[in-house]
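Printed here is entry_8.txt (compact mmCIF, C-alpha atoms):
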# COMPACT_ATOMS: atom_id res chain seq x y z
CA MET A 65 27.04 -8.35 68.92
CA PRO A 66 29.43 -5.59 70.10
CA ARG A 67 28.55 -2.12 68.86
CA LYS A 68 31.02 -0.80 66.29
CA THR A 69 32.86 2.36 67.29
CA PRO A 70 33.23 5.17 64.76
CA PHE A 71 36.83 5.58 65.93
CA PRO A 72 38.65 2.22 65.85
CA TYR A 73 41.73 1.92 68.11
CA SER A 74 40.42 4.66 70.45
CA HIS A 75 40.32 3.59 74.09
CA ARG A 76 38.83 5.26 77.17
CA VAL A 77 41.04 5.23 80.25
CA THR A 78 40.15 6.38 83.76
CA ASP A 79 43.02 8.27 85.39
CA ARG A 80 43.83 8.31 89.11
CA TYR A 81 41.53 11.26 89.64
CA GLY A 82 38.56 9.41 88.18
CA CYS A 83 38.55 11.44 84.97
CA PHE A 84 38.06 9.91 81.52
CA ARG A 85 40.85 10.26 78.97
CA PHE A 86 41.07 8.84 75.47
CA TYR A 87 44.08 7.29 73.73
CA PHE A 88 44.79 6.02 70.24
CA ARG A 89 46.23 2.53 70.69
CA ARG A 90 46.95 0.60 67.51
CA PRO A 91 49.16 -2.52 67.42
CA GLY A 92 52.62 -1.60 66.15
CA TYR A 93 52.05 2.15 66.68
CA PRO A 94 52.91 4.40 69.63
CA SER A 95 50.12 5.34 72.05
CA VAL A 96 48.75 8.83 71.27
CA PRO A 97 46.50 10.91 73.61
CA LEU A 98 43.24 12.14 72.05
CA PRO A 99 42.35 15.51 73.64
CA GLY A 100 38.91 17.03 74.11
CA LEU A 101 35.55 15.36 74.37
CA TYR A 102 34.89 12.11 72.52
CA GLY A 103 33.90 13.01 68.96
CA SER A 104 34.78 16.69 69.29
CA VAL A 105 36.60 18.61 66.56
CA GLU A 106 39.80 18.53 68.62
CA PHE A 107 39.40 14.79 69.26
CA ILE A 108 38.76 14.00 65.57
CA ALA A 109 41.74 16.07 64.39
CA ALA A 110 44.11 14.19 66.72
CA TYR A 111 42.53 10.86 65.79
CA GLN A 112 42.89 11.45 62.03
CA ALA A 113 46.55 12.48 62.49
CA ALA A 114 47.23 9.28 64.44
CA MET A 115 45.52 7.14 61.79
CA ALA A 116 47.53 8.80 58.99
CA ALA A 117 50.87 8.32 60.73
CA LYS A 118 53.25 5.67 59.41
CA PRO A 119 54.20 2.75 61.67
CA PRO A 120 57.66 2.99 63.26
CA PRO A 121 60.48 0.87 61.75
CA ILE A 122 60.67 -2.74 62.87
CA GLY A 123 62.62 -2.94 66.10
CA ALA A 124 62.39 0.80 66.81
CA ALA A 125 60.47 0.23 70.01
CA ARG A 126 63.40 -1.55 71.59
CA THR A 127 66.15 0.76 70.43
CA ILE A 128 68.35 3.07 72.44
CA ALA A 129 69.54 6.19 70.65
CA GLY A 130 73.11 5.72 69.42
CA SER A 131 73.08 1.98 69.97
CA MET A 132 74.04 -0.63 67.39
CA ASN A 133 70.39 -1.65 67.42
CA ALA A 134 69.36 1.89 66.42
CA VAL A 135 71.88 1.93 63.59
CA ILE A 136 70.63 -1.43 62.31
CA VAL A 137 66.99 -0.26 62.39
CA SER A 138 67.99 2.88 60.50
CA TYR A 139 70.01 0.88 57.97
CA TYR A 140 66.98 -1.32 57.22
CA GLN A 141 65.12 1.87 56.24
CA SER A 142 67.95 3.20 54.06
CA ALA A 143 67.85 3.37 50.28
CA GLU A 144 71.01 1.25 50.21
CA PHE A 145 69.37 -1.70 51.99
CA LYS A 146 66.06 -1.34 50.15
CA GLY A 147 67.98 -1.39 46.87
CA LEU A 148 69.52 -4.80 47.57
CA ARG A 149 68.31 -7.87 45.75
CA ALA A 150 65.90 -9.91 47.86
CA SER A 151 68.36 -12.80 48.23
CA THR A 152 71.17 -10.45 49.30
CA ALA A 153 68.91 -8.61 51.73
CA ARG A 154 68.01 -11.92 53.41
CA VAL A 155 71.68 -12.80 53.87
CA TYR A 156 72.47 -9.34 55.28
CA ARG A 157 69.48 -9.44 57.64
CA ASN A 158 70.42 -12.90 58.96
CA ILE A 159 73.92 -11.72 59.84
CA LEU A 160 72.71 -8.42 61.30
CA GLU A 161 70.00 -10.01 63.44
CA ARG A 162 72.52 -12.43 65.00
CA PHE A 163 74.84 -9.49 65.65
CA ARG A 164 71.99 -7.41 67.08
CA GLU A 165 70.96 -10.18 69.47
CA ALA A 166 74.46 -10.27 70.95
CA HIS A 167 75.53 -6.62 70.69
CA GLY A 168 72.44 -4.52 69.92
CA ASP A 169 72.69 -2.59 73.19
CA LYS A 170 76.33 -1.59 72.60
CA SER A 171 77.24 1.97 71.63
CA ALA A 172 77.82 2.58 67.92
CA PRO A 173 80.02 5.67 68.58
CA GLY A 174 81.97 3.59 71.10
CA MET A 175 82.93 0.83 68.65
CA GLN A 176 86.72 0.72 68.31
CA THR A 177 89.12 -1.22 66.11
CA LYS A 178 90.10 -3.42 69.05
CA HIS A 179 86.46 -4.42 69.45
CA VAL A 180 86.22 -5.38 65.78
CA ARG A 181 89.38 -7.48 66.04
CA LYS A 182 87.98 -9.20 69.15
CA LEU A 183 84.76 -10.09 67.29
CA MET A 184 86.86 -11.49 64.44
CA ALA A 185 88.98 -13.52 66.84
CA GLU A 186 85.87 -15.05 68.40
CA LYS A 187 84.96 -16.44 64.97
CA ALA A 188 88.48 -17.56 64.03
CA ALA A 189 87.30 -21.16 63.70
CA THR A 190 84.97 -20.08 60.87
CA PRO A 191 86.96 -17.54 58.84
CA ASP A 192 84.32 -17.12 56.14
CA ALA A 193 81.70 -16.20 58.76
CA ALA A 194 84.18 -13.85 60.44
CA ASN A 195 84.90 -12.09 57.17
CA ARG A 196 81.20 -11.73 56.38
CA LEU A 197 80.64 -10.21 59.82
CA LEU A 198 83.52 -7.78 59.24
CA GLY A 199 81.87 -6.65 56.02
CA MET A 200 78.51 -6.11 57.70
CA ILE A 201 80.00 -4.18 60.64
CA SER A 202 81.84 -1.99 58.15
CA ILE A 203 78.56 -1.24 56.36
CA LEU A 204 76.93 -0.35 59.69
CA MET A 205 79.82 1.93 60.64
CA GLU A 206 79.60 3.73 57.30
CA HIS A 207 75.89 4.20 57.96
CA ALA A 208 76.67 5.50 61.45
CA ILE A 209 79.00 8.06 59.86
CA ALA A 210 76.18 9.13 57.53
CA LEU A 211 73.91 9.52 60.58
CA GLY A 212 76.50 11.75 62.27
CA LEU A 213 77.11 9.29 65.10
CA ARG A 214 80.84 8.93 64.42
CA ASP A 215 83.62 10.30 62.21
CA ASP A 216 85.48 7.13 61.26
CA ASN A 217 85.07 3.46 60.37
CA PRO A 218 86.88 1.25 62.92
CA CYS A 219 86.88 -1.64 60.41
CA VAL A 220 89.37 0.14 58.17
CA GLY A 221 92.73 -1.64 58.42
CA VAL A 222 91.30 -4.82 59.95
CA LYS A 223 92.45 -7.67 57.73
CA LYS A 224 90.22 -10.53 56.72
CA LEU A 225 91.05 -13.95 58.12
CA LYS A 226 92.75 -16.33 55.73
CA HIS A 227 90.84 -19.42 54.76
CA LYS A 228 93.12 -22.38 55.45
CA GLY A 229 91.09 -24.75 53.30
CA GLY A 230 90.36 -24.56 49.62
CA GLY A 231 86.73 -23.58 50.01
CA PHE A 232 84.13 -25.80 48.40
CA ALA A 233 85.66 -29.05 47.17
CA THR A 234 85.83 -29.33 43.40
CA TRP A 235 84.46 -32.63 42.12
CA THR A 236 86.92 -34.89 40.29
CA GLU A 237 85.95 -36.75 37.13
CA ASP A 238 86.03 -40.04 39.06
CA GLN A 239 83.61 -38.65 41.65
CA ILE A 240 81.26 -37.40 38.94
CA ALA A 241 81.34 -40.83 37.28
CA ALA A 242 80.64 -42.57 40.61
CA TYR A 243 77.63 -40.37 41.29
CA ARG A 244 76.28 -41.04 37.80
CA ALA A 245 76.75 -44.77 38.21
CA PHE A 246 74.69 -44.75 41.42
CA HIS A 247 71.99 -42.25 40.44
CA LEU A 248 70.74 -43.26 37.00
CA LEU A 249 69.12 -41.16 34.29
CA GLY A 250 65.47 -40.51 34.96
CA SER A 251 65.96 -39.87 38.67
CA ARG A 252 65.67 -36.46 40.28
CA GLU A 253 69.10 -36.98 41.83
CA ARG A 254 70.70 -37.38 38.43
CA LEU A 255 68.80 -34.45 36.91
CA VAL A 256 70.11 -32.13 39.63
CA LEU A 257 73.72 -33.17 39.03
CA GLU A 258 73.43 -32.68 35.26
CA LEU A 259 71.80 -29.27 35.72
CA ALA A 260 74.49 -28.14 38.16
CA LEU A 261 77.38 -29.49 36.10
CA GLY A 262 75.93 -28.61 32.72
CA THR A 263 74.90 -25.03 33.49
CA ALA A 264 77.49 -24.04 36.17
CA GLN A 265 74.80 -22.04 37.99
CA ARG A 266 74.38 -21.36 41.70
CA ARG A 267 71.94 -23.33 43.83
CA GLY A 268 69.52 -20.41 44.06
CA ASP A 269 69.26 -20.26 40.27
CA LEU A 270 69.14 -24.04 39.75
CA VAL A 271 65.83 -24.27 41.63
CA ARG A 272 64.35 -21.59 39.35
CA LEU A 273 65.20 -23.34 36.09
CA GLY A 274 62.35 -24.75 34.04
CA TRP A 275 61.26 -25.35 30.45
CA ARG A 276 60.55 -21.62 30.06
CA HIS A 277 64.30 -21.06 30.23
CA VAL A 278 65.04 -23.47 27.36
CA SER A 279 65.26 -22.07 23.84
CA ASN A 280 67.35 -22.74 20.73
CA GLY A 281 69.42 -25.44 22.40
CA ALA A 282 70.42 -23.30 25.38
CA ILE A 283 69.28 -22.47 28.91
CA THR A 284 68.98 -18.72 29.43
CA ILE A 285 68.52 -17.20 32.88
CA GLN A 286 69.13 -13.93 34.68
CA GLN A 287 71.16 -14.78 37.77
CA SER A 288 69.52 -13.74 41.03
CA LYS A 289 72.81 -12.82 42.73
CA THR A 290 74.56 -10.77 40.05
CA GLY A 291 71.75 -9.84 37.69
CA ALA A 292 73.86 -11.14 34.81
CA THR A 293 72.00 -12.94 32.02
CA VAL A 294 73.72 -16.10 30.77
CA ALA A 295 72.80 -18.39 27.90
CA VAL A 296 74.39 -21.80 28.41
CA PRO A 297 74.35 -24.31 25.51
CA ILE A 298 72.82 -27.64 26.55
CA VAL A 299 75.48 -30.38 26.47
CA SER A 300 74.62 -33.98 25.61
CA GLU A 301 74.65 -35.28 29.22
CA LEU A 302 72.23 -32.57 30.32
CA GLN A 303 70.03 -33.09 27.27
CA ALA A 304 69.74 -36.80 28.08
CA ALA A 305 68.51 -35.92 31.58
CA LEU A 306 66.10 -33.26 30.31
CA ASP A 307 64.61 -35.70 27.80
CA LEU A 308 63.32 -37.72 30.76
CA ALA A 309 62.16 -34.73 32.83
CA ALA A 310 58.49 -33.85 33.33
CA ARG A 311 57.14 -31.10 31.07
CA ASP A 312 54.07 -30.08 33.10
CA THR A 313 55.91 -28.52 36.05
CA LEU A 314 57.00 -24.94 36.63
CA THR A 315 60.59 -25.95 37.45
CA PHE A 316 62.80 -28.92 36.66
CA ILE A 317 63.56 -29.58 40.33
CA ILE A 318 60.38 -30.35 42.25
CA GLN A 319 59.17 -31.87 45.51
CA ALA A 320 57.19 -35.08 45.74
CA ASN A 321 53.96 -33.03 45.60
CA GLY A 322 55.03 -31.41 42.34
CA ARG A 323 55.83 -28.02 43.82
CA PRO A 324 59.19 -26.26 43.28
CA LEU A 325 61.93 -27.13 45.77
CA GLY A 326 63.62 -24.33 47.72
CA ALA A 327 67.36 -23.69 47.51
CA ALA A 328 68.06 -24.61 51.15
CA SER A 329 66.04 -27.82 50.91
CA LEU A 330 67.85 -28.77 47.72
CA GLY A 331 71.22 -28.34 49.41
CA ASN A 332 70.15 -30.60 52.28
CA GLU A 333 68.74 -33.28 50.00
CA PHE A 334 71.76 -33.21 47.72
CA ARG A 335 74.08 -33.91 50.65
CA GLU A 336 72.02 -37.02 51.38
CA TRP A 337 72.25 -38.13 47.74
CA VAL A 338 76.04 -37.73 47.85
CA LYS A 339 76.23 -39.90 50.99
CA ARG A 340 74.04 -42.59 49.44
CA ALA A 341 76.41 -42.73 46.48
CA GLY A 342 79.29 -43.42 48.90
CA LEU A 343 81.06 -40.14 48.14
CA PRO A 344 82.78 -37.74 50.58
CA ASP A 345 80.49 -35.51 52.66
CA GLN A 346 82.26 -32.32 51.60
CA LEU A 347 81.06 -32.62 48.01
CA SER A 348 78.36 -30.07 47.30
CA LEU A 349 76.33 -28.43 44.56
CA HIS A 350 78.68 -25.44 44.58
CA GLY A 351 81.55 -27.87 44.10
CA LEU A 352 79.87 -28.92 40.83
CA ARG A 353 79.82 -25.26 39.75
CA LYS A 354 83.55 -25.17 40.41
CA SER A 355 83.99 -28.42 38.49
CA ALA A 356 82.13 -26.96 35.53
CA ALA A 357 84.48 -23.97 35.53
CA ARG A 358 87.48 -26.27 35.93
CA ARG A 359 86.34 -28.33 32.92
CA LEU A 360 86.02 -25.21 30.79
CA ALA A 361 89.50 -24.11 31.83
CA GLU A 362 90.99 -27.52 31.07
CA ALA A 363 89.34 -27.40 27.65
CA GLY A 364 91.37 -24.26 26.97
CA CYS A 365 88.60 -21.68 27.40
CA SER A 366 89.66 -18.15 28.27
CA ALA A 367 88.60 -16.45 31.49
CA HIS A 368 86.11 -14.33 29.55
CA GLU A 369 84.62 -17.42 27.91
CA ILE A 370 84.21 -19.12 31.30
CA ALA A 371 82.63 -16.00 32.82
CA SER A 372 80.09 -15.90 29.98
CA ILE A 373 78.72 -19.19 31.37
CA THR A 374 79.32 -18.88 35.12
CA GLY A 375 78.24 -15.23 35.22
CA HIS A 376 81.12 -14.09 37.44
CA LYS A 377 81.30 -10.29 37.61
CA THR A 378 85.08 -10.28 38.12
CA LEU A 379 87.64 -12.48 36.42
CA SER A 380 89.82 -13.06 39.50
CA GLU A 381 87.99 -16.24 40.58
CA VAL A 382 87.76 -17.51 37.01
CA GLU A 383 91.44 -16.87 36.42
CA ARG A 384 92.24 -19.05 39.44
CA TYR A 385 90.45 -21.97 37.79
CA CYS A 386 92.46 -21.29 34.65
CA ARG A 387 95.75 -21.23 36.56
CA ASP A 388 94.95 -24.50 38.32
CA ALA A 389 93.99 -26.16 35.06
CA ASP A 390 97.08 -24.81 33.30
CA ARG A 391 99.26 -26.09 36.13
CA GLU A 392 97.85 -29.61 35.76
CA ARG A 393 98.13 -29.52 31.98
CA LEU A 394 101.72 -28.28 32.13
CA ALA A 395 102.60 -30.96 34.69
CA ARG A 396 101.23 -33.69 32.42
CA SER A 397 103.11 -32.22 29.48
CA ALA A 398 106.34 -32.03 31.49
CA SER A 399 106.00 -35.65 32.66
CA ALA A 400 105.34 -36.80 29.11
CA LYS A 401 108.54 -35.09 27.95
CA VAL A 402 110.55 -36.80 30.70
CA VAL A 403 109.13 -40.19 29.74
CA ASP A 404 109.80 -39.48 26.07
CA MET A 405 113.44 -38.70 26.71
CA PHE A 406 114.31 -40.99 29.62
CA GLY A 407 111.82 -43.81 29.31
CA GLU A 408 112.98 -47.38 29.89
CA ASN A 409 113.17 -48.03 26.15
CA LYS A 410 115.36 -44.99 25.53
CA THR A 411 119.15 -45.14 25.32
CA ARG A 412 121.60 -42.33 25.75
With the file now loaded, output its structure as structure tokens.
Amino acid sequence: MPRKTPFPYSHRVTDRYGCFRFYFRRPGYPSVPLPGLYGSVEFIAAYQAAMAAKPPPIGAARTIAGSMNAVIVSYYQSAEFKGLRASTARVYRNILERFREAHGDKSAPGMQTKHVRKLMAEKAATPDAANRLLGMISILMEHAIALGLRDDNPCVGVKKLKHKGGGFATWTEDQIAAYRAFHLLGSRERLVLELALGTAQRRGDLVRLGWRHVSNGAITIQQSKTGATVAVPIVSELQAALDLAARDTLTFIIQANGRPLGAASLGNEFREWVKRAGLPDQLSLHGLRKSAARRLAEAGCSAHEIASITGHKTLSEVERYCRDADRERLARSASAKVVDMFGENKTR
């Protein structure tokens, strides 16, 4: 058995002159020389200081002062980043790590507006991703200003790319009926649809829902993205699905082994369920959230009433659903008036 050392992480090194020197070498920490004789007062003082030191930030070892990499490492240690919700922090980190891999060695003070526009142009095929990157670069530049690396934010004045499509496709009533006809009550596929449509919640919150959230005929949950607490009354279609759901599981949506299903896995599985039902590939869980909001708008609910269920922080998105629903309702009303006045059985 190897003899235990009283000073873990201390290593003896022979220099080129044949003299012994000691170093503190701990994984994840910088190498620190330990002066004096092994075990001396001077040696112990240096050793204790090295042991008490905090590890450097993740990625600090490969940073160059003033580089984008250095700014990202510093941002990870900031109160702003540490104050983010866990789900938001993961999204930010994913974007930043991809950006760091491609541009981490670039100069943060040297970033110019033309460089930002070039990065946006390279992602023109995916405008949403381009706009998210613009937002993250802007955050980094503001942090660089706080660090004294630059005086301005080169992202100011750079316009977001317009999304040519309509975002996530909103399910029609015919598509909802077709899915229900294929995936019957009692199946996990049907339960997921009724939860998404009946609660209007995001995928990340759907996978958290369980019987502990059900009380007094409603599902109450604090949304992970916004922090808003919503209490959504359980409609008859959702109640029928819940009546057939297991009661001995932590969450409604589970894997085959009975464990909760993750949000990403649910999204992947749901796309397969949509295909099996013979429906268009672009239909998604988020599209059901939009359909739930659209239904509320078509029922005449106000933007504030819709937001009380969807949990939107701003009313701009909700008001768009209302406008679309109003436009359809007005069109039907206008057509009915034309038929009433000029129908084939009418005479002038």
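Proximity to region 317-327 of chain A at 6 Å, evaluated using only C-alpha atoms and with sequence-adjacent residues fewer than 4 positions away removed, yields Arg267, Gly268 and Val271 of chain A.
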Enter the distance from CA of Asp269 (chain A) to CA of Ser300 (chain A), in Å, rounded to one decimal.
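Straight-line distance from CA of Asp269 (chain A) to CA of Ser300 (chain A) works out to 20.8 Å.
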In Å, with one decimal, what is the gap from CA of Ser171 (chain A) to CA of Asn133 (chain A)?
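So the two atoms, CA of Ser171 (chain A) and CA of Asn133 (chain A), lie 8.8 Å apart.
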Could you list, as a PyMOL selection string, every residue within 12 Å of Ala210 (chain A), counting only C-alpha atoms and ignoring same-chain residues fewer than 5 positions away?
chain A and resi 135+138-139+142+144+203-205+215-217
Output C-alpha atoms for every residue in the selection just made, as a PDB file, keeping the file's coordinate frame.
ATOM      1  CA  VAL A 135      71.880   1.930  63.590  1.00  0.00           C
ATOM      2  CA  SER A 138      67.990   2.880  60.500  1.00  0.00           C
ATOM      3  CA  TYR A 139      70.010   0.880  57.970  1.00  0.00           C
ATOM      4  CA  SER A 142      67.950   3.200  54.060  1.00  0.00           C
ATOM      5  CA  GLU A 144      71.010   1.250  50.210  1.00  0.00           C
ATOM      6  CA  ILE A 203      78.560  -1.240  56.360  1.00  0.00           C
ATOM      7  CA  LEU A 204      76.930  -0.350  59.690  1.00  0.00           C
ATOM      8  CA  MET A 205      79.820   1.930  60.640  1.00  0.00           C
ATOM      9  CA  ASP A 215      83.620  10.300  62.210  1.00  0.00           C
ATOM     10  CA  ASP A 216      85.480   7.130  61.260  1.00  0.00           C
ATOM     11  CA  ASN A 217      85.070   3.460  60.370  1.00  0.00           C
TER      12      ASN A 217
END
Rounded to one decimal, what separation in Å do you get between CA of Trp275 (chain A) and CA of Leu308 (chain A)?
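Going from CA of Trp275 (chain A) over to CA of Leu308 (chain A) covers 12.5 Å.
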Name the residues in contact with Gly168 (chain A) at a cut-off of 8 Å, using all atoms listed in the file, excluding same-chain residues fewer than 2 positions from it; report them as a count of residues only.
9
Within 8 Å of region 371-386 of chain A: each region 270-365 of chain A residue with its shortest pair, all atoms listed in the file, as a Markdown table:
| residue | atom | partner | partner_atom | distance |
| --- | --- | --- | --- | --- |
| A:Gln287 | CA | A:Gly375 | CA | 7.5 |
| A:Thr290 | CA | A:Lys377 | CA | 7.2 |
| A:Ala292 | CA | A:Gly375 | CA | 6.0 |
| A:Thr293 | CA | A:Gly375 | CA | 7.4 |
| A:Val294 | CA | A:Ile373 | CA | 5.9 |
| A:Ala295 | CA | A:Ile373 | CA | 6.9 |
| A:Val296 | CA | A:Ile373 | CA | 5.9 |
| A:Arg353 | CA | A:Thr374 | CA | 7.9 |
| A:Ala357 | CA | A:Tyr385 | CA | 6.7 |
| A:Arg358 | CA | A:Tyr385 | CA | 5.5 |
| A:Ala361 | CA | A:Cys386 | CA | 5.0 |
| A:Glu362 | CA | A:Cys386 | CA | 7.3 |
